[in-house]
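Peer 1: Have a look at this one.
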Amino acid sequence: MKLAISTALGLASLASASVVPRQGSVGDTANDWDGILAGASGAKCADLAVIFARGTFDSGNIGPWVGPGFRDALRARFGSVAVQGVSPDDYSADLAGYIEDGGTVSCAYSIADAVMTYASRCPSAKFVISGWSQGALCAHKSFDTSYGLYDSAVRSRVIALTTFGDPMDVWQDSETLPALPSNTKFLTYCQSTVPDPLCRNPLEDFPSSASGLIDWLVDMWETVDETHMNDDQRAAVADLLVELPKQAAGELGHLARDIFNGDIRRWLLTPEHFWYGIDGTVVTAAADIASVFKA
């Protein structure tokens, strides 16, 4: 019964946001920085360079859920913007990287390396570092000066850290995230109509066993309403139904530990956590970034 209530409320929240479903494929990649990073002759610098770290289970380098909508909203808002995803070669976006590492250092390093390379070749560009879910943790970690953004001149040009469904609070007991430079605005967005459990306290109780929780999540995704999804997102649901139980099977010890320690929220990849690219949040984020850019 609680599952049915949650699903109905989730659909209501989407309807209240006046969402228009996007059909077809919108793509799961963004490679606007490639020419600059490769040192290609004739590659043009953008006024605003945005790098995005996708969430767990996401395909491509920006995924199908949040990245494409964010990319499109930024392009609609700015005349000169370049959007880049973190390479799958550096960041696999798998469950192990999230559960075992709280967001991988290799992802954070890749973000920082790309930003510093772009900055060295485009001295007037400003930057936004961004991410969703596990990618939000990577984005935070990219500010670590021991392996990430150590160049103070480059740090001074990062105008915002922008995160969606940011699980920083549920990792605060085991992960110490670096402080942001004073010039970097923290813009973070969390679904609240039906709370996203990774960034807000949930409304309902959850199974207390490791296998029971995974079965509960699979059941939820098997019955999720796909009305507002595009073709890429529908395909991603099918992939998630395969990858979630498969990858979770290798992490049951971590799940049991997290249940015992009261950290079960780390695992609650419910549909509400995936709506930021559908419910208009990414459009709000692009507008907020524009305000910071102009300040």
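Note on naming: chains are A, B, ... as they come in the structure tokens, residues start from 1 per chain, ligands start from 1 in the order shown.
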Compile a residue-level contact table for segment 247-291 of chain A against segment 116-137 of chain A at a cut-off of 9 Å, reporting for every qualifying residue the shortest atom pair and its distance in Å to one decimal, with only C-alpha atoms counted, rows ordered by chain and ascending number, as JSON lines.
Peer 2:
```
{"residue": "A:His273", "atom": "CA", "partner": "A:Ser133", "partner_atom": "CA", "distance": 7.9}
{"residue": "A:Phe274", "atom": "CA", "partner": "A:Ser133", "partner_atom": "CA", "distance": 8.8}
{"residue": "A:Tyr276", "atom": "CA", "partner": "A:Trp132", "partner_atom": "CA", "distance": 8.9}
{"residue": "A:Ile289", "atom": "CA", "partner": "A:Val128", "partner_atom": "CA", "distance": 8.2}
```
Peer 1: Mind dumping the selected residues with C-alpha atoms as a PDB file, in the first residue's frame?
Peer 2:
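Contents of out27.pdb, as written:
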```
ATOM      1  CA  HIS A 273      15.595  10.310  -7.184  1.00  0.00           C
ATOM      2  CA  PHE A 274      15.514  10.181 -10.992  1.00  0.00           C
ATOM      3  CA  TYR A 276      15.226  16.044 -11.931  1.00  0.00           C
ATOM      4  CA  ILE A 289      23.485  29.444 -12.970  1.00  0.00           C
TER       5      ILE A 289
END
```
Peer 1: List the spatial neighbours of segment 144-160 of chain A as a ChimeraX atom specification - criterion: any atom at most 10 Å away, only C-alpha atoms, same-chain residues fewer than 3 positions off excluded.
Peer 2: /A:48-50,105-120,123-130,139-141,163,177-188,288-289,292-293,295
Peer 1: Could you please take those selected residues and save C-alpha atoms as a compact mmCIF listing (two decimals), in the first residue's frame?
Peer 2:
```
# COMPACT_ATOMS: atom_id res chain seq x y z
CA LEU A 48 30.79 29.08 -19.76
CA ALA A 49 32.16 25.54 -19.54
CA VAL A 50 30.05 23.01 -17.61
CA VAL A 105 38.34 9.44 -6.67
CA SER A 106 39.02 8.60 -10.33
CA CYS A 107 35.84 10.46 -11.28
CA ALA A 108 36.81 13.48 -9.16
CA TYR A 109 40.31 13.50 -10.63
CA SER A 110 38.91 13.32 -14.17
CA ILE A 111 36.69 16.34 -13.50
CA ALA A 112 39.55 18.37 -12.07
CA ASP A 113 41.96 17.39 -14.83
CA ALA A 114 39.48 18.35 -17.54
CA VAL A 115 38.68 21.69 -15.89
CA MET A 116 42.34 22.61 -15.45
CA THR A 117 43.19 21.64 -19.04
CA TYR A 118 40.26 23.62 -20.44
CA ALA A 119 41.16 26.58 -18.22
CA SER A 120 44.76 26.60 -19.45
CA PRO A 123 41.74 31.89 -20.14
CA SER A 124 38.42 33.78 -20.19
CA ALA A 125 36.10 30.82 -19.56
CA LYS A 126 34.14 30.42 -16.35
CA PHE A 127 33.24 26.98 -15.02
CA VAL A 128 30.41 25.05 -13.40
CA ILE A 129 31.10 21.63 -11.90
CA SER A 130 27.96 19.54 -11.58
CA ALA A 139 31.70 16.75 -8.13
CA HIS A 140 32.22 17.62 -4.45
CA LYS A 141 35.42 15.57 -4.30
CA THR A 163 24.13 19.10 -7.68
CA LEU A 177 33.90 16.38 1.52
CA PRO A 178 36.16 19.35 0.80
CA ALA A 179 35.08 22.92 1.41
CA LEU A 180 34.30 25.06 -1.61
CA PRO A 181 36.24 28.18 -2.55
CA SER A 182 34.52 31.34 -1.35
CA ASN A 183 33.84 32.37 -4.96
CA THR A 184 31.98 29.12 -5.77
CA LYS A 185 28.22 29.18 -5.24
CA PHE A 186 26.66 25.91 -4.06
CA LEU A 187 23.43 25.26 -5.97
CA THR A 188 21.72 22.03 -4.91
CA ASP A 288 20.12 30.03 -11.29
CA ILE A 289 23.48 29.44 -12.97
CA VAL A 292 25.47 33.58 -10.82
CA PHE A 293 27.27 33.97 -14.15
CA ALA A 295 26.81 38.56 -10.95
```
Peer 1: What is the atom CA of Asp32 of chain A to atom CA of Gln84 of chain A distance in Å?
Peer 2: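 Atom CA of Asp32 of chain A sits 5.6 Å away from atom CA of Gln84 of chain A.
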Peer 1: If you run DSSP on the backbone, which residues of segment 78-174 of chain A are strand (DSSP E), as a list of chain:residue names?
Peer 2: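 For segment 78-174 of chain A, the strand (DSSP E) set is A:Val81, A:Ala82, A:Val83, A:Gln84, A:Gly85, A:Lys126, A:Phe127, A:Val128, A:Ile129, A:Ser130, A:Gly131, A:Trp132, A:Val158, A:Ile159, A:Ala160, A:Leu161, A:Thr162, A:Thr163, A:Phe164.
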Peer 1: I'd like the neighbourhood of segment 60-73 of chain A as number ranges by chain, where a residue qualifies if any of its atoms comes within 6 Å (using only C-alpha atoms), though same-chain residues fewer than 3 positions away should be ignored.
Peer 2: A: 28-29, 54, 76, 85-87, 232-233, 276-277, 282-283, 286
Peer 1: Give me, as a tab-separated table, each residue of segment 88-117 of chain A that comes within 10 Å of segment 257-270 of chain A, together with its shortest interatomic pair and the distance in Å at one decimal, counting only C-alpha atoms, with rows ordered by chain and rising residue number.
Peer 2:
```
residue	atom	partner	partner_atom	distance
A:Leu95	CA	A:Trp267	CA	9.6
A:Tyr98	CA	A:Arg266	CA	8.9
A:Ile99	CA	A:Arg266	CA	7.8
A:Gly102	CA	A:Arg266	CA	9.3
```
Peer 1: Include N, CA, C and O atoms and write out the residues we just selected as a compact mmCIF listing (two decimals), in the first residue's frame.
Peer 2:
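Produced file result04.txt, reproduced below:
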```
# COMPACT_ATOMS: atom_id res chain seq x y z
N LEU A 95 27.55 0.51 -9.04
CA LEU A 95 27.10 0.52 -7.65
C LEU A 95 28.28 0.43 -6.68
O LEU A 95 28.27 1.06 -5.62
N TYR A 98 29.85 3.70 -5.80
CA TYR A 98 29.00 4.49 -4.90
C TYR A 98 29.03 3.93 -3.48
O TYR A 98 29.33 4.65 -2.52
N ILE A 99 28.77 2.63 -3.34
CA ILE A 99 28.62 2.02 -2.03
C ILE A 99 29.95 1.86 -1.31
O ILE A 99 30.05 2.07 -0.10
N GLY A 102 31.76 5.95 -1.90
CA GLY A 102 31.04 7.21 -1.75
C GLY A 102 31.35 8.17 -2.89
O GLY A 102 31.45 9.39 -2.69
```
Peer 1: Quick one: DSSP helix (DSSP H, G or I) residues in segment 71-267 of chain A, as a ChimeraX atom specification?
Peer 2: /A:71-77,95-99,105-121,134-141,152-155,168-171,210-222,231-249,252-260,264-267
Peer 1: Please report the interatomic distance between atom CA of Gly97 of chain A and atom CA of Thr56 of chain A in Å with one decimal.
Peer 2: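 Atom-to-atom, atom CA of Gly97 of chain A to atom CA of Thr56 of chain A, that is 8.4 Å.
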Peer 1: Residues at most 12 Å from Asp239 of chain A, counting only C-alpha atoms, excluding those fewer than 3 positions away in the same chain, as a list of chain:residue names?
Peer 2: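 Here the answer would be A:Thr56, A:Phe57, A:Asp58, A:Ser59, A:Pro64, A:Val218, A:Trp221, A:Glu222, A:Asp232, A:Gln233, A:Arg234, A:Ala235, A:Ala236, A:Val242, A:Glu243, A:Leu244, A:Pro245, A:Lys246, A:Gln247.
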Peer 1: At what distance in Å, to one decimal, does atom CA of Phe143 of chain A lie from atom CA of Gly103 of chain A?
Peer 2: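 Pair atom CA of Gly103 of chain A / atom CA of Phe143 of chain A returns 13.2 Å.
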Peer 1: My list of candidates is A:Pro207, A:Gly79, A:Pro88, A:Gly165. Which is closest to Ser192 of chain A when distances are computed with only C-alpha atoms?
Peer 2: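 Result for the nearest residue to Ser192 of chain A: A:Gly165.
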